[in-house]
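Asker: So here's query-v1.cif (mmCIF, C-alpha atoms and all ligand atoms).
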```cif
data_my_file
loop_
_atom_site.label_atom_id
_atom_site.label_comp_id
_atom_site.auth_asym_id
_atom_site.auth_seq_id
_atom_site.Cartn_x
_atom_site.Cartn_y
_atom_site.Cartn_z
CA MET A 1 22.72 -5.07 4.40
CA THR A 2 20.53 -2.54 6.23
CA ASP A 3 21.28 -2.15 9.91
CA GLN A 4 18.97 -4.09 12.21
CA ALA A 5 17.98 -0.93 14.12
CA THR A 6 16.25 0.33 10.96
CA ILE A 7 14.44 -2.97 10.43
CA LYS A 8 13.35 -3.00 14.06
CA ARG A 9 12.10 0.58 13.87
CA LEU A 10 10.05 -0.23 10.77
CA ASP A 11 8.75 -3.49 12.24
CA LYS A 12 7.62 -1.59 15.31
CA ALA A 13 5.94 1.05 13.16
CA SER A 14 4.12 -1.67 11.23
CA MET A 15 2.99 -3.30 14.45
CA GLU A 16 1.65 0.03 15.68
CA THR A 17 -0.22 0.61 12.43
CA ARG A 18 -1.76 -2.87 12.70
CA LEU A 19 -2.90 -2.09 16.26
CA ASN A 20 -4.38 1.22 15.09
CA LEU A 21 -6.23 -0.56 12.29
CA LEU A 22 -7.71 -3.08 14.72
CA LYS A 23 -8.86 -0.29 17.01
CA LEU A 24 -10.55 1.52 14.11
CA CYS A 25 -12.08 -1.75 12.96
CA GLN A 26 -13.86 -2.07 16.32
CA GLN A 27 -15.46 1.29 15.66
CA THR A 28 -16.38 1.07 11.98
CA VAL A 29 -16.13 -0.98 8.78
CA ILE A 30 -12.72 -0.90 7.14
CA HIS A 31 -11.02 -3.06 4.52
CA ILE A 32 -9.11 -4.86 7.18
CA GLY A 33 -7.81 -7.82 5.12
CA GLY A 34 -6.24 -5.73 2.37
CA ASP A 35 -5.00 -3.15 4.91
CA MET A 36 -3.13 -5.83 6.87
CA SER A 37 -1.80 -7.32 3.64
CA CYS A 38 -0.07 -4.12 2.48
CA CYS A 39 0.68 -2.70 5.95
CA ASP A 40 4.41 -3.51 5.71
CA ILE A 41 4.62 -2.16 2.15
CA MET A 42 2.94 1.04 3.31
CA THR A 43 5.34 1.36 6.25
CA VAL A 44 8.38 0.96 4.05
CA ILE A 45 7.05 3.51 1.57
CA TRP A 46 6.06 6.14 4.14
CA GLN A 47 8.78 5.63 6.69
CA TYR A 48 11.75 4.64 4.54
CA ALA A 49 11.39 5.30 0.82
CA ILE A 50 9.43 8.48 0.27
CA HIS A 51 10.90 11.97 0.01
CA TYR A 52 8.19 13.97 1.77
CA ASP A 53 7.65 16.90 4.11
CA PRO A 54 4.67 16.31 6.40
CA ALA A 55 4.60 20.05 7.15
CA ASN A 56 4.12 20.89 3.48
CA PRO A 57 1.98 18.42 1.51
CA GLN A 58 2.15 20.63 -1.59
CA TRP A 59 5.97 20.78 -1.63
CA GLU A 60 6.84 20.68 -5.32
CA GLU A 61 9.85 18.39 -4.82
CA ARG A 62 7.97 15.73 -2.85
CA ASP A 63 7.57 12.21 -4.11
CA ARG A 64 3.94 11.57 -5.06
CA PHE A 65 1.85 8.72 -3.73
CA VAL A 66 -1.22 7.25 -5.44
CA LEU A 67 -3.15 4.51 -3.68
CA SER A 68 -4.38 2.55 -6.69
CA LYS A 69 -6.05 -0.10 -4.49
CA GLY A 70 -8.03 2.80 -3.08
CA HIS A 71 -9.93 0.74 -0.49
CA ALA A 72 -6.73 0.55 1.60
CA ALA A 73 -7.25 4.14 2.73
CA ALA A 74 -7.19 3.35 6.46
CA VAL A 75 -3.69 1.87 6.39
CA THR A 76 -2.52 4.81 4.28
CA SER A 77 -3.94 7.34 6.75
CA PHE A 78 -2.28 5.66 9.74
CA SER A 79 1.01 5.37 7.83
CA GLN A 80 0.88 9.08 7.06
CA ALA A 81 -0.04 9.88 10.67
CA ALA A 82 3.09 8.01 11.76
CA ILE A 83 5.27 10.60 9.99
CA GLY A 84 3.30 13.55 11.34
CA CYS A 85 0.78 14.35 8.60
CA TYR A 86 -2.06 14.11 11.17
CA HIS A 87 -2.69 13.12 14.74
CA THR A 88 -3.63 9.45 14.92
CA GLU A 89 -6.55 10.38 17.20
CA ASP A 90 -8.04 12.55 14.42
CA ILE A 91 -8.50 9.45 12.29
CA TYR A 92 -10.73 7.80 14.91
CA LYS A 93 -12.70 11.02 15.35
CA GLU A 94 -13.20 11.86 11.69
CA TYR A 95 -13.32 8.49 9.92
CA ALA A 96 -16.46 8.13 7.78
CA THR A 97 -18.09 11.27 9.19
CA ASP A 98 -19.64 14.04 7.09
CA PHE A 99 -16.87 16.45 8.09
CA GLY A 100 -13.96 13.98 8.04
CA ARG A 101 -10.72 13.88 6.08
CA PHE A 102 -10.66 10.09 6.38
CA GLY A 103 -12.87 7.34 5.04
CA MET A 104 -13.00 4.00 3.30
CA HIS A 105 -11.43 5.60 0.24
CA SER A 106 -8.91 8.45 0.01
CA CYS A 107 -10.34 11.81 -1.02
CA ASN A 108 -8.15 14.71 -2.11
CA LEU A 109 -10.98 17.25 -1.94
CA ARG A 110 -10.98 16.80 1.82
CA ASN A 111 -7.45 15.77 2.56
CA PRO A 112 -4.42 17.71 1.30
CA TYR A 113 -2.17 14.68 1.94
CA VAL A 114 -4.01 12.73 -0.76
CA ASP A 115 -2.63 13.47 -4.24
CA VAL A 116 -5.39 11.57 -6.05
CA SER A 117 -8.84 10.36 -4.96
CA THR A 118 -9.14 6.65 -5.60
CA GLY A 119 -11.47 3.72 -4.95
CA SER A 120 -12.54 2.77 -8.43
CA LEU A 121 -10.01 0.02 -9.16
CA GLY A 122 -7.80 0.33 -12.21
CA HIS A 123 -7.69 4.14 -12.18
CA GLY A 124 -4.79 4.87 -9.81
CA LEU A 125 -1.93 3.50 -11.88
CA PRO A 126 -2.97 5.32 -15.09
CA ILE A 127 -3.15 8.59 -13.14
CA ALA A 128 0.19 7.87 -11.45
CA GLY A 129 1.63 7.39 -14.95
CA GLY A 130 0.26 10.77 -16.00
CA ILE A 131 1.80 12.46 -12.97
CA ALA A 132 5.13 10.72 -13.63
CA THR A 133 5.02 11.92 -17.25
CA ALA A 134 4.48 15.52 -16.14
CA LEU A 135 7.29 15.32 -13.55
CA LYS A 136 9.66 13.89 -16.12
CA ALA A 137 8.81 16.68 -18.56
CA LYS A 138 9.81 19.16 -15.84
CA ASN A 139 13.11 17.32 -15.20
CA SER A 140 11.93 16.71 -11.65
CA GLN A 141 13.83 14.25 -9.43
CA SER A 142 10.61 13.22 -7.67
CA ARG A 143 9.28 9.70 -7.89
CA VAL A 144 5.69 8.51 -8.03
CA PHE A 145 4.90 5.58 -5.74
CA THR A 146 1.74 3.59 -6.19
CA VAL A 147 0.26 0.46 -4.62
CA VAL A 148 -1.82 -1.82 -6.83
CA GLY A 149 -3.86 -4.84 -5.72
CA ASP A 150 -3.52 -8.15 -7.55
CA GLY A 151 -7.31 -8.40 -7.95
CA GLU A 152 -7.06 -4.90 -9.39
CA CYS A 153 -4.66 -6.25 -12.02
CA GLY A 154 -7.68 -7.90 -13.64
CA GLU A 155 -8.62 -4.40 -14.87
CA GLY A 156 -7.50 -3.72 -18.44
CA SER A 157 -6.56 -0.13 -17.63
CA ILE A 158 -3.67 -1.41 -15.47
CA TRP A 159 -2.07 -3.03 -18.51
CA GLU A 160 -2.73 -0.08 -20.77
CA ALA A 161 -0.96 2.10 -18.19
CA ALA A 162 1.86 -0.46 -17.96
CA MET A 163 2.46 -0.20 -21.71
CA ALA A 164 2.28 3.60 -21.69
CA ALA A 165 4.79 3.84 -18.80
CA VAL A 166 7.38 1.93 -20.84
CA LYS A 167 6.69 3.94 -23.96
CA HIS A 168 7.13 7.20 -22.03
CA LYS A 169 10.29 5.91 -20.27
CA LEU A 170 8.91 6.52 -16.77
CA GLY A 171 11.85 5.47 -14.62
CA ASN A 172 10.39 7.70 -11.91
CA LEU A 173 7.32 5.44 -11.54
CA ILE A 174 7.44 2.76 -8.85
CA VAL A 175 4.58 0.27 -8.52
CA PHE A 176 4.20 -2.05 -5.54
CA VAL A 177 1.88 -4.96 -6.33
CA ASP A 178 0.21 -6.43 -3.25
CA ARG A 179 0.13 -10.03 -4.46
CA ASN A 180 -2.04 -11.78 -1.86
CA PHE A 181 -3.96 -14.02 -4.31
CA LEU A 182 -7.34 -12.87 -2.96
CA SER A 183 -9.81 -10.39 -4.35
CA PHE A 184 -13.19 -9.28 -2.96
CA ASP A 185 -14.66 -12.67 -2.07
CA GLY A 186 -12.40 -15.31 -3.56
CA SER A 187 -9.22 -16.22 -5.38
CA THR A 188 -7.79 -13.80 -7.94
CA GLU A 189 -6.91 -16.81 -10.07
CA GLU A 190 -10.59 -17.79 -10.34
CA TYR A 191 -11.74 -14.29 -11.31
CA MET A 192 -8.96 -13.58 -13.79
CA PRO A 193 -5.87 -15.80 -13.74
CA LEU A 194 -2.71 -13.75 -13.29
CA ASN A 195 -0.37 -16.71 -12.84
CA ASP A 196 3.23 -15.56 -12.64
CA MET A 197 2.79 -11.88 -11.82
CA ALA A 198 6.49 -11.02 -12.19
CA ALA A 199 6.67 -12.66 -15.62
CA ARG A 200 3.60 -10.71 -16.69
CA TRP A 201 5.25 -7.34 -15.88
CA ARG A 202 8.52 -8.52 -17.41
CA ALA A 203 6.64 -9.25 -20.62
CA PHE A 204 5.60 -5.58 -20.60
CA ASN A 205 9.32 -4.68 -20.35
CA TRP A 206 9.25 -3.34 -16.80
CA ASN A 207 12.16 -3.52 -14.39
CA VAL A 208 10.86 -6.21 -12.01
CA ILE A 209 11.92 -6.68 -8.39
CA GLU A 210 10.43 -9.72 -6.69
CA VAL A 211 9.94 -9.75 -2.94
CA LYS A 212 9.42 -13.34 -1.84
CA ASP A 213 7.82 -12.31 1.42
CA GLY A 214 6.16 -8.92 1.11
CA ASN A 215 5.38 -8.91 4.83
CA ASP A 216 9.08 -9.13 5.70
CA MET A 217 10.63 -5.75 6.42
CA GLN A 218 14.21 -6.74 5.61
CA GLN A 219 13.18 -7.91 2.13
CA LEU A 220 11.09 -4.78 1.51
CA VAL A 221 13.94 -2.50 2.55
CA GLU A 222 16.33 -4.35 0.24
CA ALA A 223 13.87 -3.86 -2.61
CA VAL A 224 13.69 -0.12 -1.94
CA ASP A 225 17.49 0.07 -1.71
CA SER A 226 17.74 -1.45 -5.18
CA LEU A 227 15.37 1.00 -6.91
CA PRO A 228 16.87 2.74 -9.93
CA LYS A 229 17.41 6.49 -9.88
CA PRO A 230 14.34 8.66 -10.64
CA ASP A 231 15.95 9.85 -13.90
CA SER A 232 16.35 6.27 -15.20
CA GLU A 233 14.24 5.25 -18.17
CA VAL A 234 12.45 2.03 -17.22
CA PRO A 235 9.54 1.91 -14.75
CA THR A 236 9.91 -0.46 -11.80
CA VAL A 237 7.40 -2.86 -10.30
CA VAL A 238 8.03 -4.46 -6.93
CA VAL A 239 5.97 -7.64 -6.86
CA CYS A 240 5.38 -8.43 -3.20
CA ASN A 241 4.01 -11.82 -2.17
CA THR A 242 1.81 -11.01 0.77
CA VAL A 243 -0.89 -12.58 2.91
CA LYS A 244 -4.31 -10.99 3.13
CA GLY A 245 -5.06 -10.34 6.83
CA HIS A 246 -1.37 -10.81 7.64
CA GLY A 247 -0.48 -11.20 11.31
CA ILE A 248 -3.87 -12.39 12.57
CA SER A 249 -4.33 -16.13 12.11
CA PHE A 250 -8.12 -16.13 11.89
CA MET A 251 -8.01 -13.41 9.21
CA GLU A 252 -5.12 -14.73 7.13
CA ASN A 253 -6.06 -15.91 3.63
CA ASN A 254 -9.72 -15.61 4.57
CA SER A 255 -11.74 -13.49 2.15
CA LYS A 256 -14.50 -13.16 4.77
CA TRP A 257 -12.22 -10.51 6.27
CA HIS A 258 -11.98 -8.42 3.08
CA ALA A 259 -13.99 -5.74 4.87
CA GLY A 260 -15.95 -5.53 8.09
CA MET A 261 -15.84 -4.81 11.80
CA ILE A 262 -14.24 -6.81 14.57
CA ASP A 263 -15.97 -7.76 17.84
CA SER A 264 -14.38 -7.44 21.22
CA ASP A 265 -13.23 -11.08 21.62
CA ASN A 266 -11.63 -11.15 18.19
CA TYR A 267 -10.07 -7.75 18.85
CA GLN A 268 -8.39 -8.96 22.05
CA ALA A 269 -7.11 -12.12 20.32
CA ALA A 270 -5.79 -10.16 17.33
CA VAL A 271 -4.00 -7.55 19.46
CA ALA A 272 -2.38 -10.29 21.55
CA GLU A 273 -1.16 -12.10 18.44
CA ILE A 274 0.30 -8.97 16.84
CA LYS A 275 2.13 -7.96 20.02
CA ASP A 276 3.35 -11.50 20.63
CA ALA A 277 4.86 -11.77 17.13
CA TYR A 278 6.83 -8.56 17.63
CA HIS A 279 7.98 -9.65 21.07
CA LYS A 280 9.14 -13.05 19.77
CA LYS A 281 11.11 -11.42 16.98
CA TRP A 282 12.74 -8.54 18.85
CA GLY A 283 12.61 -9.68 22.50
CA GLU A 284 10.80 -6.53 23.65
CA ASP A 285 7.32 -4.96 23.60
C1 LIG B 1 -13.78 -0.77 -10.71
C2 LIG B 1 -14.10 -1.46 -9.41
N1 LIG B 1 -14.74 -2.65 -9.42
C3 LIG B 1 -15.04 -3.25 -8.26
C4 LIG B 1 -14.73 -2.68 -7.06
C5 LIG B 1 -15.11 -3.36 -5.76
N2 LIG B 1 -13.96 -3.89 -5.04
C6 LIG B 1 -13.40 -3.26 -3.99
S1 LIG B 1 -12.07 -4.04 -3.37
C7 LIG B 1 -12.18 -5.28 -4.51
C8 LIG B 1 -11.19 -6.40 -4.51
C9 LIG B 1 -9.86 -5.96 -4.97
O1 LIG B 1 -8.91 -6.99 -4.86
P1 LIG B 1 -7.40 -6.63 -4.69
O2 LIG B 1 -7.03 -5.60 -5.67
O3 LIG B 1 -6.64 -7.92 -4.74
O4 LIG B 1 -7.35 -5.97 -3.26
P2 LIG B 1 -7.00 -6.69 -1.86
O5 LIG B 1 -7.44 -8.10 -1.92
O6 LIG B 1 -5.52 -6.62 -1.72
O7 LIG B 1 -7.70 -5.88 -0.83
C10 LIG B 1 -13.27 -5.06 -5.36
C11 LIG B 1 -13.64 -5.96 -6.47
C12 LIG B 1 -14.09 -1.41 -7.09
N3 LIG B 1 -13.73 -0.78 -5.97
N4 LIG B 1 -13.77 -0.84 -8.26
#
```
Please re-express this file's structure in structure tokens.
Answerer:
Amino acid sequence: MTDQATIKRLDKASMETRLNLLKLCQQTVIHIGGDMSCCDIMTVIWQYAIHYDPANPQWEERDRFVLSKGHAAAVTSFSQAAIGCYHTEDIYKEYATDFGRFGMHSCNLRNPYVDVSTGSLGHGLPIAGGIATALKAKNSQSRVFTVVGDGECGEGSIWEAAMAAVKHKLGNLIVFVDRNFLSFDGSTEEYMPLNDMAARWRAFNWNVIEVKDGNDMQQLVEAVDSLPKPDSEVPTVVVCNTVKGHGISFMENNSKWHAGMIDSDNYQAAVAEIKDAYHKKWGED
């Protein structure tokens, strides 16, 4: 079992990212619901799992990251800032400006810490598969991490990529599915029923790790600890049951908060709730 100091450190990092997201959301429109949903996944990837040098984003031996649910760019930027890729303040200054490295979707023409520009759903995983294929051909020990939305799994290209990854024996490919049961403005099951997500990936012959509570750091860390080696031959999907808008009661499971801005009263209430949850769990601020 992972030591509690590590879990606490990651929980604190997640709390800080949530507070940063809320601050940005007062200033501009972000995809706040889906950012909050995968915030803990993003923290565990960027602050626990990934092999990365913030001083050298082109380092050949780095693990790659592809944000397949490309609208979660804000949470990715803050998660990268937390390990020193940028100053957090730069994100507030540059977000959605003509000169900025940061915006609603990740752009690799402007930002060297973005391996692939994304935003058009269903494209990230196929590209991640291509990168994993190339790394494998070079006998690289790097992994490719990607985060896919469950609404995004209604795109056929996700399943074509899933088949190709098995065929090409991409044990270096790790997919986190953010299974929050909500898409743009309603239930994923109404748009395109996905039912038992883990069974679906199992049927495609993936190595499947299920995380019962994908907003629980201990469970996420255990999932990362059980990943197969990069030179294994079966791709892994970590199916994480999450809550859209997690941590803020008026946002949770409410598709009205898919994207938007937050007013001052809601901001104060949300910040108080996030801080209170951390305090209750760890007995400190
Ligand atoms: C190809 C494509 N179609 C539609 C959209 C518009 N869109 C942006 S986010 C979103 C919902 C995605 O749902 P999900 O993947 O579950 O993301 P989450 O709810 O976790 O934010 C949609 C339909 C898009 N970005 N790309």
Asker: At a cut-off of 9 Å, using all atoms listed in the file, what residues contact Val243 of chain A? Leave out same-chain residues fewer than 5 positions from it and give the result as a list in words.
Answerer: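 Near neighbours after the sequence-gap exclusion: Gly33, Gly34, Met36, Ser37, Cys38, Asp178, Arg179, Asn180, Phe181, Leu182, Asp213, Gly214, Asn215, Glu252 and Asn253 of chain A.
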Asker: Mind checking which residues fall within 12 Å of segment 150-154 of chain A, counting only C-alpha atoms, ignoring those fewer than 6 positions away in the same chain, and posting them as a CSV table (one decimal) with C-alpha atoms, in the coordinates of the input?
Answerer:
```csv
chain,number,residue,atom,x,y,z
A,34,GLY,CA,-6.2,-5.7,2.4
A,37,SER,CA,-1.8,-7.3,3.6
A,38,CYS,CA,-0.1,-4.1,2.5
A,67,LEU,CA,-3.2,4.5,-3.7
A,68,SER,CA,-4.4,2.6,-6.7
A,69,LYS,CA,-6.0,-0.1,-4.5
A,70,GLY,CA,-8.0,2.8,-3.1
A,71,HIS,CA,-9.9,0.7,-0.5
A,119,GLY,CA,-11.5,3.7,-5.0
A,120,SER,CA,-12.5,2.8,-8.4
A,121,LEU,CA,-10.0,0.0,-9.2
A,122,GLY,CA,-7.8,0.3,-12.2
A,123,HIS,CA,-7.7,4.1,-12.2
A,124,GLY,CA,-4.8,4.9,-9.8
A,125,LEU,CA,-1.9,3.5,-11.9
A,160,GLU,CA,-2.7,-0.1,-20.8
A,161,ALA,CA,-1.0,2.1,-18.2
A,162,ALA,CA,1.9,-0.5,-18.0
A,175,VAL,CA,4.6,0.3,-8.5
A,176,PHE,CA,4.2,-2.0,-5.5
A,177,VAL,CA,1.9,-5.0,-6.3
A,178,ASP,CA,0.2,-6.4,-3.2
A,179,ARG,CA,0.1,-10.0,-4.5
A,180,ASN,CA,-2.0,-11.8,-1.9
A,181,PHE,CA,-4.0,-14.0,-4.3
A,182,LEU,CA,-7.3,-12.9,-3.0
A,183,SER,CA,-9.8,-10.4,-4.4
A,184,PHE,CA,-13.2,-9.3,-3.0
A,185,ASP,CA,-14.7,-12.7,-2.1
A,186,GLY,CA,-12.4,-15.3,-3.6
A,187,SER,CA,-9.2,-16.2,-5.4
A,188,THR,CA,-7.8,-13.8,-7.9
A,189,GLU,CA,-6.9,-16.8,-10.1
A,190,GLU,CA,-10.6,-17.8,-10.3
A,191,TYR,CA,-11.7,-14.3,-11.3
A,192,MET,CA,-9.0,-13.6,-13.8
A,193,PRO,CA,-5.9,-15.8,-13.7
A,194,LEU,CA,-2.7,-13.8,-13.3
A,195,ASN,CA,-0.4,-16.7,-12.8
A,196,ASP,CA,3.2,-15.6,-12.6
A,197,MET,CA,2.8,-11.9,-11.8
A,198,ALA,CA,6.5,-11.0,-12.2
A,200,ARG,CA,3.6,-10.7,-16.7
A,201,TRP,CA,5.2,-7.3,-15.9
A,239,VAL,CA,6.0,-7.6,-6.9
A,240,CYS,CA,5.4,-8.4,-3.2
A,241,ASN,CA,4.0,-11.8,-2.2
A,242,THR,CA,1.8,-11.0,0.8
A,243,VAL,CA,-0.9,-12.6,2.9
A,244,LYS,CA,-4.3,-11.0,3.1
A,258,HIS,CA,-12.0,-8.4,3.1
```
Asker: Report as a ChimeraX atom specification all protein, DNA and RNA residues lying within 12 Å of Gly84 of chain A, evaluated on all atoms listed in the file, omitting residues in the same chain fewer than 2 positions from it.
Answerer: /A:46-47,52-57,77-82,86-90,113
Asker: Please provide as a ChimeraX atom specification all residues within 7 Å of segment 97-105 of chain A, with the sequence filter that same-chain residues fewer than 4 positions apart are discarded (counting all atoms listed in the file).
Answerer: /A:30,70-71,73-74,91,110-111,118-119
Asker: Calculate how many Å separate atom CA of Pro230 of chain A from atom CA of Trp159 of chain A, rounding to one decimal.
Answerer: 21.6 Å
Asker: To one decimal place in Å, what is the distance between atom CA of Ile262 of chain A and atom CA of Phe250 of chain A?
Answerer: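 It comes out at 11.5 Å.
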Asker: Please list as a ChimeraX atom specification every residue within 8 Å of segment 23-29 of chain A, counting all atoms listed in the file and excluding residues in the same chain fewer than 4 positions away.
Answerer: /A:19,92,259-264,267
Asker: Using all atoms listed in the file for the distances, tell me which of A:Asn108, A:Trp257, A:His168, A:Asp35 is nearest to Gly149 of chain A.
Answerer: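 Closest candidate: A:Asp35.
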Asker: Between A:Val224, A:Ala199, A:Ile32, A:Leu10, which has the minimum distance to ligand LIG 1 (chain B) (counting only C-alpha atoms and all ligand atoms)?
Answerer: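 For ligand LIG 1 (chain B), the nearest of the candidates is A:Ile32.
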Asker: Centre and edge lengths, as AutoDock Vina command-line options, for the axis-aligned box enclosing every listed atom of ligand LIG 1 (chain B) with 5 Å of padding on each of the six sides, in Å to one decimal?
Answerer:
```
--center_x -10.3 --center_y -4.4 --center_z -5.8 --size_x 19.6 --size_y 17.3 --size_z 19.9
```
Asker: For ligand LIG 1 (chain B), which of A:Cys39, A:Ala96, A:Ala223, A:Val148 is the closest residue, counting all atoms listed in the file?
Answerer: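 Going through A:Cys39, A:Ala96, A:Ala223, A:Val148 one by one, the smallest distance to ligand LIG 1 (chain B) is for A:Val148.
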Asker: Under the rule that all atoms listed in the file are counted, which of A:Gly171, A:Gly129, A:Gly245, A:Pro235 is the nearest residue to ligand LIG 1 (chain B)?
Answerer: A:Gly245
Asker: One decimal, in Å: what's the spacing between atom P1 of ligand LIG 1 (chain B) and atom CA of Leu21 of chain A?
Answerer: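 Interatomic distance, atom P1 of ligand LIG 1 (chain B) to atom CA of Leu21 of chain A: 18.1 Å.
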Asker: Choose the residue, out of A:Leu173, A:Ile83, A:Ala72, A:Ala270, that has the smallest atom-to-atom separation from Pro228 of chain A; count only C-alpha atoms.
Answerer: A:Leu173
Asker: At a cut-off of 12 Å around the point (17.8, 5.5, -10.4) (file coordinates), what residues fall inside when counting all atoms listed in the file? I'd like the answer as a PDB file with C-alpha atoms, keeping the file's coordinate frame.
Answerer:
```pdb
ATOM      1  CA  GLN A 141      13.830  14.250  -9.430  1.00  0.00           C
ATOM      2  CA  SER A 142      10.610  13.220  -7.670  1.00  0.00           C
ATOM      3  CA  ARG A 143       9.280   9.700  -7.890  1.00  0.00           C
ATOM      4  CA  LEU A 170       8.910   6.520 -16.770  1.00  0.00           C
ATOM      5  CA  GLY A 171      11.850   5.470 -14.620  1.00  0.00           C
ATOM      6  CA  ASN A 172      10.390   7.700 -11.910  1.00  0.00           C
ATOM      7  CA  LEU A 173       7.320   5.440 -11.540  1.00  0.00           C
ATOM      8  CA  ILE A 174       7.440   2.760  -8.850  1.00  0.00           C
ATOM      9  CA  ASN A 207      12.160  -3.520 -14.390  1.00  0.00           C
ATOM     10  CA  VAL A 224      13.690  -0.120  -1.940  1.00  0.00           C
ATOM     11  CA  ASP A 225      17.490   0.070  -1.710  1.00  0.00           C
ATOM     12  CA  SER A 226      17.740  -1.450  -5.180  1.00  0.00           C
ATOM     13  CA  LEU A 227      15.370   1.000  -6.910  1.00  0.00           C
ATOM     14  CA  PRO A 228      16.870   2.740  -9.930  1.00  0.00           C
ATOM     15  CA  LYS A 229      17.410   6.490  -9.880  1.00  0.00           C
ATOM     16  CA  PRO A 230      14.340   8.660 -10.640  1.00  0.00           C
ATOM     17  CA  ASP A 231      15.950   9.850 -13.900  1.00  0.00           C
ATOM     18  CA  SER A 232      16.350   6.270 -15.200  1.00  0.00           C
ATOM     19  CA  GLU A 233      14.240   5.250 -18.170  1.00  0.00           C
ATOM     20  CA  VAL A 234      12.450   2.030 -17.220  1.00  0.00           C
ATOM     21  CA  PRO A 235       9.540   1.910 -14.750  1.00  0.00           C
ATOM     22  CA  THR A 236       9.910  -0.460 -11.800  1.00  0.00           C
TER      23      THR A 236
END
```
Asker: I need the residue nearest Ile7 of chain A from this list: A:Asn254, A:Asn139, A:Gln219, A:Thr76. Use only C-alpha atoms for the distance.
Answerer: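 Among the listed residues, A:Gln219 lies closest to Ile7 of chain A.
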